[in-house]
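S.K.: To start, I am sharing the structure in question, which I have written as structure tokens.
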Amino acid sequence: MIIESVTVDIVEVPLGSNYVAGGQAVTSNCHVLARIRTKSGIEGFGYIVKQRPQLIGAVAQATRELGAELIGVNVMDVEAAWRDLSTKAKWIGPGGLLHWAMAPLDIAMWDAAGKALNQPLYRMLGGFRDHVPTYASDQLWYSLSLDELGRSAQDHAANGYKGLKLRLGRDFTVAEQVERATVARDAAGPGVEIMVDGTESWDLPYARMVGRALQDAGVTWLEDPVHHDDLDGLASLTAALDIPVTGAENLYTLAEFRNTMEARALDIVILDLARVGGITPWRKIAGLVEAYKRPIAGHVIPEVHVHLLASVPHGHKVEYMPRSTEILENMPVPKNSVLSVPEGPGHGLRLNEAAVARFKTG
């Protein structure tokens with residue numbers, strides 16, 4: 001199972017409906033797509049996706065250079081490959097650009113390894129179950145008007161979602177934050193959990209006030225209320241609020257997760273597959289978090305995260321933010337707020353080659 005070629009492309013898919021996040025307009029989903037082919041003809045692929053094209057070219061070039069180091073490597077040796085690449089490029093790490101560049105390659109290796117063994121990824125990683133509860137996260141931006149937010153929440157509920165997560169920005173009063181959550185709750189109807197994401201945009205005093213108000217309004221999940229480096233602030237919120245404080249999607253390294261766990265800063269831990277550097281480090285972080293008896297959730301890329309969360313007993317929920325539907329033939333779709341792993345070996349996904357060719361920009 002020796003790797004004989006690695007190719008890397010940039011695939012930019014325009015959005016049908018633009019939105020604002022982090023104060024910037026989002027008009028496309030940009031992928032760095034890596035493909036690995038073995039001498040026996042097995043091909044695996046992996047990708048990361050970001051909402052803006054800034055620095056995507058730099059990530060893709062780094063992925064190409066790192067991918068060249070995989071020629072001659074056995075696809076089954078994912079741990080050795082990850083360590084080798086991270087060591088050779090440690091001057092730009094740990095974390096940061098290095099992890100974003102390594103993640104597509106690592107995912108592609110796991111996909112190829114699964115195909116070589118004819119086993120799905122979730123089973124290779126532990127096989128705890130083949131499905132995970134999910135919640136809707138798309139089209140719930142803070143740039144939406146109250147009417148638009150209500151219609152979106154109503155649509156998600158009509159599609160069977162039992163949980164919705166809306167973003168709350170820095171430019172709202174406490175009353176306005178509660179109003180947005182209430183509009184979403186009333187539009188979604190009974191039995192639908194309302195979750196909110198503060199997008200790390202609040203200071204601690206404001207987070208305390210809005211957290212209590214949202215809790216009283218029936219919100220059941222408070223994500224990223226303050227910056228991820230403010231472990232004391234997060235720990236104080238976790239201790240003070242009855243609703244779970246969630247976060248960690250902006251962490252990169254095992255050490256950062258260890259420090260966060262030791263501070264008892266979060267009730268639910270969210271892992272970002274690109275930032276942690278792929279599946280190989282993801283499973284180590286998952287094991288660390290389990291030792292602290294905390295559940296884990298996934299940040300975007302639900303089509304791969306469903307495998308990872310299904311493989312461990314403390315996999316909590318997968319965020320359904322489908323940013324790659326256009327380039328896949330078989331993007332998994334939730335049924336009654338449950339997402340099942342795609343069928344087939346590896347991650348089970350199939351590229352829509354015509355779409356990849358159409359949207360390829362580099």
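Ligands are numbered from 1 in the order shown, chains are lettered A, B, ... in the order of the structure tokens, and residues start at 1 in each chain.
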Set the distance at 9 Å and use only C-alpha atoms: which residues neighbour Ala34 in chain A once local chain neighbours fewer than 3 positions away are removed? I'd like the list as a PDB file with C-alpha atoms, in the first residue's frame.
M.R.:
```pdb
ATOM      1  CA  VAL A   6      -0.192  13.043  -4.242  1.00  0.00           C
ATOM      2  CA  THR A   7      -2.143  15.840  -5.920  1.00  0.00           C
ATOM      3  CA  VAL A   8      -3.579  18.974  -4.344  1.00  0.00           C
ATOM      4  CA  ASP A   9      -6.193  21.334  -5.790  1.00  0.00           C
ATOM      5  CA  GLY A  44      -7.988   8.309  -0.841  1.00  0.00           C
ATOM      6  CA  PHE A  45      -8.933  11.953  -0.568  1.00  0.00           C
ATOM      7  CA  GLY A  46      -9.347  14.555   2.121  1.00  0.00           C
ATOM      8  CA  TYR A  47      -9.994  18.267   2.316  1.00  0.00           C
ATOM      9  CA  ALA A  60      -2.540  24.512  -0.695  1.00  0.00           C
ATOM     10  CA  THR A  63      -0.025  20.804   1.438  1.00  0.00           C
ATOM     11  CA  ARG A  64       1.644  20.104  -1.929  1.00  0.00           C
ATOM     12  CA  GLY A  67       2.438  15.723   0.213  1.00  0.00           C
ATOM     13  CA  PRO A 104      -6.162  17.072   4.027  1.00  0.00           C
ATOM     14  CA  LEU A 105      -3.253  14.642   3.709  1.00  0.00           C
ATOM     15  CA  ILE A 107      -7.690  12.486   6.122  1.00  0.00           C
ATOM     16  CA  ALA A 108      -6.740  11.157   2.684  1.00  0.00           C
TER      17      ALA A 108
END
```
S.K.: Tell me, as a PyMOL selection string, which residues lie within 8 Å of Ile3 in chain A, counting only C-alpha atoms; anything in the same chain fewer than 3 positions away does not count.
M.R.: chain A and resi 6+36-39+70-75
S.K.: For range 277-291 of chain A, list every protein, DNA or RNA residue within 10 Å, evaluated using only C-alpha atoms, and leave out those in the same chain fewer than 5 positions away; present the list as a PDB file with N, CA and C atoms, in the first residue's frame.
M.R.:
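Heads up, here's the output in part_36.pdb:
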```pdb
ATOM      1  N   GLY A  46      -8.954  13.789   0.945  1.00  0.00           N
ATOM      2  CA  GLY A  46      -9.347  14.555   2.121  1.00  0.00           C
ATOM      3  C   GLY A  46      -9.308  16.028   1.786  1.00  0.00           C
ATOM      4  N   TYR A  47      -9.986  16.831   2.579  1.00  0.00           N
ATOM      5  CA  TYR A  47      -9.994  18.267   2.316  1.00  0.00           C
ATOM      6  C   TYR A  47     -10.288  19.042   3.590  1.00  0.00           C
ATOM      7  N   ILE A  48      -9.886  20.293   3.562  1.00  0.00           N
ATOM      8  CA  ILE A  48     -10.351  21.269   4.546  1.00  0.00           C
ATOM      9  C   ILE A  48     -11.166  22.308   3.781  1.00  0.00           C
ATOM     10  N   VAL A  78      -0.150   5.877   9.255  1.00  0.00           N
ATOM     11  CA  VAL A  78      -0.622   7.256   9.411  1.00  0.00           C
ATOM     12  C   VAL A  78       0.041   7.965  10.585  1.00  0.00           C
ATOM     13  N   GLU A  79       0.248   7.253  11.669  1.00  0.00           N
ATOM     14  CA  GLU A  79       0.874   7.877  12.842  1.00  0.00           C
ATOM     15  C   GLU A  79       2.304   8.297  12.531  1.00  0.00           C
ATOM     16  N   ALA A  80       3.058   7.417  11.905  1.00  0.00           N
ATOM     17  CA  ALA A  80       4.435   7.741  11.551  1.00  0.00           C
ATOM     18  C   ALA A  80       4.497   8.893  10.554  1.00  0.00           C
ATOM     19  N   ALA A  81       3.564   8.903   9.591  1.00  0.00           N
ATOM     20  CA  ALA A  81       3.548   9.966   8.587  1.00  0.00           C
ATOM     21  C   ALA A  81       3.246  11.313   9.235  1.00  0.00           C
ATOM     22  N   TRP A  82       2.273  11.334  10.151  1.00  0.00           N
ATOM     23  CA  TRP A  82       1.913  12.600  10.801  1.00  0.00           C
ATOM     24  C   TRP A  82       3.095  13.129  11.597  1.00  0.00           C
ATOM     25  N   ARG A  83       3.744  12.260  12.347  1.00  0.00           N
ATOM     26  CA  ARG A  83       4.882  12.690  13.149  1.00  0.00           C
ATOM     27  C   ARG A  83       6.023  13.179  12.248  1.00  0.00           C
ATOM     28  N   SER A  86       5.095  16.646  10.704  1.00  0.00           N
ATOM     29  CA  SER A  86       5.087  17.710  11.708  1.00  0.00           C
ATOM     30  C   SER A  86       6.493  18.022  12.198  1.00  0.00           C
ATOM     31  N   PRO A  94       3.986  24.539  16.280  1.00  0.00           N
ATOM     32  CA  PRO A  94       2.831  23.656  16.098  1.00  0.00           C
ATOM     33  C   PRO A  94       1.552  24.451  15.818  1.00  0.00           C
ATOM     34  N   GLY A  95       0.589  23.747  15.260  1.00  0.00           N
ATOM     35  CA  GLY A  95      -0.687  24.377  14.955  1.00  0.00           C
ATOM     36  C   GLY A  95      -0.605  25.263  13.730  1.00  0.00           C
ATOM     37  N   GLY A  96      -1.493  26.252  13.689  1.00  0.00           N
ATOM     38  CA  GLY A  96      -1.487  27.236  12.624  1.00  0.00           C
ATOM     39  C   GLY A  96      -1.545  26.648  11.229  1.00  0.00           C
ATOM     40  N   LEU A  97      -0.798  27.283  10.331  1.00  0.00           N
ATOM     41  CA  LEU A  97      -0.757  26.881   8.924  1.00  0.00           C
ATOM     42  C   LEU A  97      -0.348  25.419   8.770  1.00  0.00           C
ATOM     43  N   LEU A  98       0.549  24.947   9.619  1.00  0.00           N
ATOM     44  CA  LEU A  98       1.013  23.570   9.504  1.00  0.00           C
ATOM     45  C   LEU A  98      -0.135  22.586   9.636  1.00  0.00           C
ATOM     46  N   HIS A  99      -0.981  22.766  10.620  1.00  0.00           N
ATOM     47  CA  HIS A  99      -2.087  21.828  10.816  1.00  0.00           C
ATOM     48  C   HIS A  99      -3.110  21.903   9.686  1.00  0.00           C
ATOM     49  N   TRP A 100      -3.401  23.120   9.222  1.00  0.00           N
ATOM     50  CA  TRP A 100      -4.333  23.251   8.099  1.00  0.00           C
ATOM     51  C   TRP A 100      -3.800  22.531   6.865  1.00  0.00           C
ATOM     52  N   ALA A 101      -2.489  22.599   6.658  1.00  0.00           N
ATOM     53  CA  ALA A 101      -1.886  21.955   5.487  1.00  0.00           C
ATOM     54  C   ALA A 101      -1.802  20.445   5.636  1.00  0.00           C
ATOM     55  N   MET A 102      -1.607  19.967   6.861  1.00  0.00           N
ATOM     56  CA  MET A 102      -1.482  18.529   7.088  1.00  0.00           C
ATOM     57  C   MET A 102      -2.817  17.807   7.081  1.00  0.00           C
ATOM     58  N   ALA A 103      -3.877  18.483   7.492  1.00  0.00           N
ATOM     59  CA  ALA A 103      -5.169  17.820   7.673  1.00  0.00           C
ATOM     60  C   ALA A 103      -5.686  17.133   6.406  1.00  0.00           C
ATOM     61  N   PRO A 104      -5.664  17.779   5.221  1.00  0.00           N
ATOM     62  CA  PRO A 104      -6.162  17.072   4.027  1.00  0.00           C
ATOM     63  C   PRO A 104      -5.398  15.792   3.735  1.00  0.00           C
ATOM     64  N   LEU A 105      -4.083  15.821   3.964  1.00  0.00           N
ATOM     65  CA  LEU A 105      -3.253  14.642   3.709  1.00  0.00           C
ATOM     66  C   LEU A 105      -3.568  13.531   4.710  1.00  0.00           C
ATOM     67  N   ASP A 106      -3.708  13.898   5.960  1.00  0.00           N
ATOM     68  CA  ASP A 106      -4.002  12.902   6.993  1.00  0.00           C
ATOM     69  C   ASP A 106      -5.361  12.243   6.749  1.00  0.00           C
ATOM     70  N   ILE A 107      -6.366  13.044   6.413  1.00  0.00           N
ATOM     71  CA  ILE A 107      -7.690  12.486   6.122  1.00  0.00           C
ATOM     72  C   ILE A 107      -7.624  11.567   4.911  1.00  0.00           C
ATOM     73  N   ALA A 108      -6.873  11.987   3.891  1.00  0.00           N
ATOM     74  CA  ALA A 108      -6.740  11.157   2.684  1.00  0.00           C
ATOM     75  C   ALA A 108      -6.060   9.833   2.997  1.00  0.00           C
ATOM     76  N   MET A 109      -5.064   9.838   3.865  1.00  0.00           N
ATOM     77  CA  MET A 109      -4.394   8.593   4.234  1.00  0.00           C
ATOM     78  C   MET A 109      -5.340   7.653   4.965  1.00  0.00           C
ATOM     79  N   TRP A 110      -6.121   8.187   5.905  1.00  0.00           N
ATOM     80  CA  TRP A 110      -7.096   7.345   6.616  1.00  0.00           C
ATOM     81  C   TRP A 110      -8.144   6.784   5.655  1.00  0.00           C
ATOM     82  N   LEU A 121     -14.381   4.174   8.226  1.00  0.00           N
ATOM     83  CA  LEU A 121     -13.512   4.899   9.135  1.00  0.00           C
ATOM     84  C   LEU A 121     -13.960   4.785  10.588  1.00  0.00           C
ATOM     85  N   LEU A 125     -11.698   3.320  13.861  1.00  0.00           N
ATOM     86  CA  LEU A 125     -11.360   4.158  15.005  1.00  0.00           C
ATOM     87  C   LEU A 125     -11.988   3.691  16.309  1.00  0.00           C
ATOM     88  N   TYR A 252      -5.603  24.280  18.709  1.00  0.00           N
ATOM     89  CA  TYR A 252      -4.836  23.535  17.714  1.00  0.00           C
ATOM     90  C   TYR A 252      -4.127  22.310  18.265  1.00  0.00           C
ATOM     91  N   THR A 253      -3.585  22.395  19.449  1.00  0.00           N
ATOM     92  CA  THR A 253      -2.663  21.363  19.907  1.00  0.00           C
ATOM     93  C   THR A 253      -3.202  20.594  21.110  1.00  0.00           C
ATOM     94  N   LEU A 254      -2.637  19.414  21.293  1.00  0.00           N
ATOM     95  CA  LEU A 254      -2.987  18.588  22.440  1.00  0.00           C
ATOM     96  C   LEU A 254      -2.709  19.333  23.740  1.00  0.00           C
ATOM     97  N   ALA A 255      -1.622  20.078  23.790  1.00  0.00           N
ATOM     98  CA  ALA A 255      -1.284  20.828  24.998  1.00  0.00           C
ATOM     99  C   ALA A 255      -2.334  21.898  25.302  1.00  0.00           C
ATOM    100  N   GLU A 256      -2.845  22.575  24.268  1.00  0.00           N
ATOM    101  CA  GLU A 256      -3.887  23.582  24.490  1.00  0.00           C
ATOM    102  C   GLU A 256      -5.151  22.942  25.055  1.00  0.00           C
ATOM    103  N   PHE A 257      -5.499  21.787  24.540  1.00  0.00           N
ATOM    104  CA  PHE A 257      -6.673  21.082  25.071  1.00  0.00           C
ATOM    105  C   PHE A 257      -6.415  20.614  26.503  1.00  0.00           C
ATOM    106  N   ARG A 258      -5.202  20.155  26.784  1.00  0.00           N
ATOM    107  CA  ARG A 258      -4.874  19.741  28.153  1.00  0.00           C
ATOM    108  C   ARG A 258      -5.042  20.910  29.123  1.00  0.00           C
ATOM    109  N   THR A 260      -6.890  23.541  28.799  1.00  0.00           N
ATOM    110  CA  THR A 260      -8.309  23.872  28.913  1.00  0.00           C
ATOM    111  C   THR A 260      -9.033  22.886  29.819  1.00  0.00           C
ATOM    112  N   MET A 261      -8.702  21.619  29.698  1.00  0.00           N
ATOM    113  CA  MET A 261      -9.325  20.609  30.546  1.00  0.00           C
ATOM    114  C   MET A 261      -8.896  20.766  32.007  1.00  0.00           C
ATOM    115  N   ILE A 268     -18.663  21.150  27.412  1.00  0.00           N
ATOM    116  CA  ILE A 268     -18.654  20.364  26.178  1.00  0.00           C
ATOM    117  C   ILE A 268     -17.521  20.888  25.310  1.00  0.00           C
ATOM    118  N   VAL A 269     -16.720  19.982  24.750  1.00  0.00           N
ATOM    119  CA  VAL A 269     -15.526  20.368  24.004  1.00  0.00           C
ATOM    120  C   VAL A 269     -15.755  20.145  22.514  1.00  0.00           C
ATOM    121  N   ILE A 270     -15.474  21.175  21.718  1.00  0.00           N
ATOM    122  CA  ILE A 270     -15.682  21.139  20.269  1.00  0.00           C
ATOM    123  C   ILE A 270     -14.327  21.037  19.579  1.00  0.00           C
ATOM    124  N   LEU A 271     -14.189  20.065  18.696  1.00  0.00           N
ATOM    125  CA  LEU A 271     -12.939  19.874  17.949  1.00  0.00           C
ATOM    126  C   LEU A 271     -13.128  20.296  16.499  1.00  0.00           C
ATOM    127  N   ASP A 272     -12.165  21.037  15.987  1.00  0.00           N
ATOM    128  CA  ASP A 272     -12.130  21.420  14.579  1.00  0.00           C
ATOM    129  C   ASP A 272     -11.104  20.540  13.875  1.00  0.00           C
ATOM    130  N   ILE A 296     -17.776  15.404  23.613  1.00  0.00           N
ATOM    131  CA  ILE A 296     -17.154  16.153  22.531  1.00  0.00           C
ATOM    132  C   ILE A 296     -18.130  16.319  21.372  1.00  0.00           C
ATOM    133  N   ALA A 297     -17.945  17.406  20.655  1.00  0.00           N
ATOM    134  CA  ALA A 297     -18.742  17.695  19.460  1.00  0.00           C
ATOM    135  C   ALA A 297     -17.772  18.068  18.343  1.00  0.00           C
ATOM    136  N   VAL A 304     -17.313  14.038   7.598  1.00  0.00           N
ATOM    137  CA  VAL A 304     -16.198  13.287   8.176  1.00  0.00           C
ATOM    138  C   VAL A 304     -16.335  13.207   9.691  1.00  0.00           C
ATOM    139  N   HIS A 305     -16.755  14.301  10.301  1.00  0.00           N
ATOM    140  CA  HIS A 305     -16.890  14.315  11.758  1.00  0.00           C
ATOM    141  C   HIS A 305     -17.869  13.257  12.268  1.00  0.00           C
ATOM    142  N   LEU A 308     -15.924  10.243  13.177  1.00  0.00           N
ATOM    143  CA  LEU A 308     -15.087  10.396  14.361  1.00  0.00           C
ATOM    144  C   LEU A 308     -15.926  10.377  15.635  1.00  0.00           C
ATOM    145  N   LEU A 309     -17.024  11.114  15.624  1.00  0.00           N
ATOM    146  CA  LEU A 309     -17.876  11.167  16.815  1.00  0.00           C
ATOM    147  C   LEU A 309     -18.597   9.847  17.060  1.00  0.00           C
ATOM    148  N   SER A 311     -17.287   7.023  16.589  1.00  0.00           N
ATOM    149  CA  SER A 311     -16.302   6.011  16.979  1.00  0.00           C
ATOM    150  C   SER A 311     -16.013   5.993  18.471  1.00  0.00           C
ATOM    151  N   VAL A 312     -16.488   7.016  19.208  1.00  0.00           N
ATOM    152  CA  VAL A 312     -16.147   7.131  20.627  1.00  0.00           C
ATOM    153  C   VAL A 312     -17.419   7.225  21.468  1.00  0.00           C
ATOM    154  N   PRO A 313     -17.380   6.755  22.715  1.00  0.00           N
ATOM    155  CA  PRO A 313     -18.586   6.750  23.537  1.00  0.00           C
ATOM    156  C   PRO A 313     -19.044   8.130  23.980  1.00  0.00           C
ATOM    157  N   HIS A 314     -18.149   9.120  23.986  1.00  0.00           N
ATOM    158  CA  HIS A 314     -18.539  10.458  24.448  1.00  0.00           C
ATOM    159  C   HIS A 314     -18.771  11.419  23.280  1.00  0.00           C
ATOM    160  N   GLY A 315     -18.952  10.882  22.064  1.00  0.00           N
ATOM    161  CA  GLY A 315     -19.348  11.714  20.935  1.00  0.00           C
ATOM    162  C   GLY A 315     -20.752  12.243  21.167  1.00  0.00           C
TER     163      GLY A 315
END
```
S.K.: Do you know which residues are at most 12 Å from Ser236 in chain A counting only C-alpha atoms, after dropping those on the same chain fewer than 6 positions away, and could you put them as a PDB file with N, CA and C atoms, in the first residue's frame?
M.R.:
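Saved to part29.pdb:
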```pdb
ATOM      1  N   LEU A 204     -15.975  39.373  29.619  1.00  0.00           N
ATOM      2  CA  LEU A 204     -16.510  38.521  30.678  1.00  0.00           C
ATOM      3  C   LEU A 204     -17.733  39.113  31.380  1.00  0.00           C
ATOM      4  N   PRO A 205     -17.734  40.396  31.771  1.00  0.00           N
ATOM      5  CA  PRO A 205     -18.941  40.930  32.420  1.00  0.00           C
ATOM      6  C   PRO A 205     -20.187  40.820  31.546  1.00  0.00           C
ATOM      7  N   ALA A 207     -20.637  38.672  29.105  1.00  0.00           N
ATOM      8  CA  ALA A 207     -20.954  37.252  28.957  1.00  0.00           C
ATOM      9  C   ALA A 207     -21.734  36.733  30.166  1.00  0.00           C
ATOM     10  N   ARG A 208     -21.389  37.210  31.354  1.00  0.00           N
ATOM     11  CA  ARG A 208     -22.136  36.796  32.546  1.00  0.00           C
ATOM     12  C   ARG A 208     -23.593  37.246  32.440  1.00  0.00           C
ATOM     13  N   GLY A 211     -25.365  35.483  29.453  1.00  0.00           N
ATOM     14  CA  GLY A 211     -25.489  34.055  29.734  1.00  0.00           C
ATOM     15  C   GLY A 211     -26.655  33.763  30.651  1.00  0.00           C
ATOM     16  N   PRO A 225     -18.401  32.083  24.472  1.00  0.00           N
ATOM     17  CA  PRO A 225     -18.859  33.393  24.964  1.00  0.00           C
ATOM     18  C   PRO A 225     -17.721  34.404  25.082  1.00  0.00           C
ATOM     19  N   VAL A 226     -16.502  33.943  25.416  1.00  0.00           N
ATOM     20  CA  VAL A 226     -15.337  34.820  25.503  1.00  0.00           C
ATOM     21  C   VAL A 226     -14.185  34.155  24.742  1.00  0.00           C
ATOM     22  N   ASP A 230      -9.038  32.867  27.496  1.00  0.00           N
ATOM     23  CA  ASP A 230      -9.492  33.311  28.817  1.00  0.00           C
ATOM     24  C   ASP A 230     -10.028  32.113  29.598  1.00  0.00           C
ATOM     25  N   ASP A 242     -26.102  27.231  34.609  1.00  0.00           N
ATOM     26  CA  ASP A 242     -26.657  25.876  34.573  1.00  0.00           C
ATOM     27  C   ASP A 242     -26.559  25.269  33.177  1.00  0.00           C
ATOM     28  N   VAL A 245     -21.439  25.448  28.958  1.00  0.00           N
ATOM     29  CA  VAL A 245     -20.558  26.350  28.220  1.00  0.00           C
ATOM     30  C   VAL A 245     -19.698  25.471  27.316  1.00  0.00           C
ATOM     31  N   ALA A 263      -8.155  23.424  33.498  1.00  0.00           N
ATOM     32  CA  ALA A 263      -8.817  24.607  34.043  1.00  0.00           C
ATOM     33  C   ALA A 263     -10.310  24.400  34.274  1.00  0.00           C
ATOM     34  N   ARG A 264     -10.821  23.241  33.878  1.00  0.00           N
ATOM     35  CA  ARG A 264     -12.272  22.966  33.962  1.00  0.00           C
ATOM     36  C   ARG A 264     -13.057  24.112  33.309  1.00  0.00           C
ATOM     37  N   ALA A 265     -12.583  24.504  32.126  1.00  0.00           N
ATOM     38  CA  ALA A 265     -13.100  25.697  31.470  1.00  0.00           C
ATOM     39  C   ALA A 265     -14.338  25.460  30.615  1.00  0.00           C
ATOM     40  N   LEU A 266     -14.637  24.194  30.287  1.00  0.00           N
ATOM     41  CA  LEU A 266     -15.749  23.913  29.382  1.00  0.00           C
ATOM     42  C   LEU A 266     -16.547  22.703  29.865  1.00  0.00           C
ATOM     43  N   ASP A 267     -17.845  22.736  29.542  1.00  0.00           N
ATOM     44  CA  ASP A 267     -18.709  21.581  29.808  1.00  0.00           C
ATOM     45  C   ASP A 267     -18.738  20.617  28.625  1.00  0.00           C
TER      46      ASP A 267
END
```
S.K.: Asn18 in chain A: which residues within 9 Å, counting only C-alpha atoms, same-chain residues fewer than 3 positions away excluded, as an MDAnalysis selection string?
M.R.: chainID A and resid 14:15 25:28
S.K.: From a DSSP calculation on the backbone, collect every residue of range 148-243 of chain A in helix (DSSP H, G or I) and output the set as a PyMOL selection string.
M.R.: chain A and resi 148-158+174-188+204-216+231-240
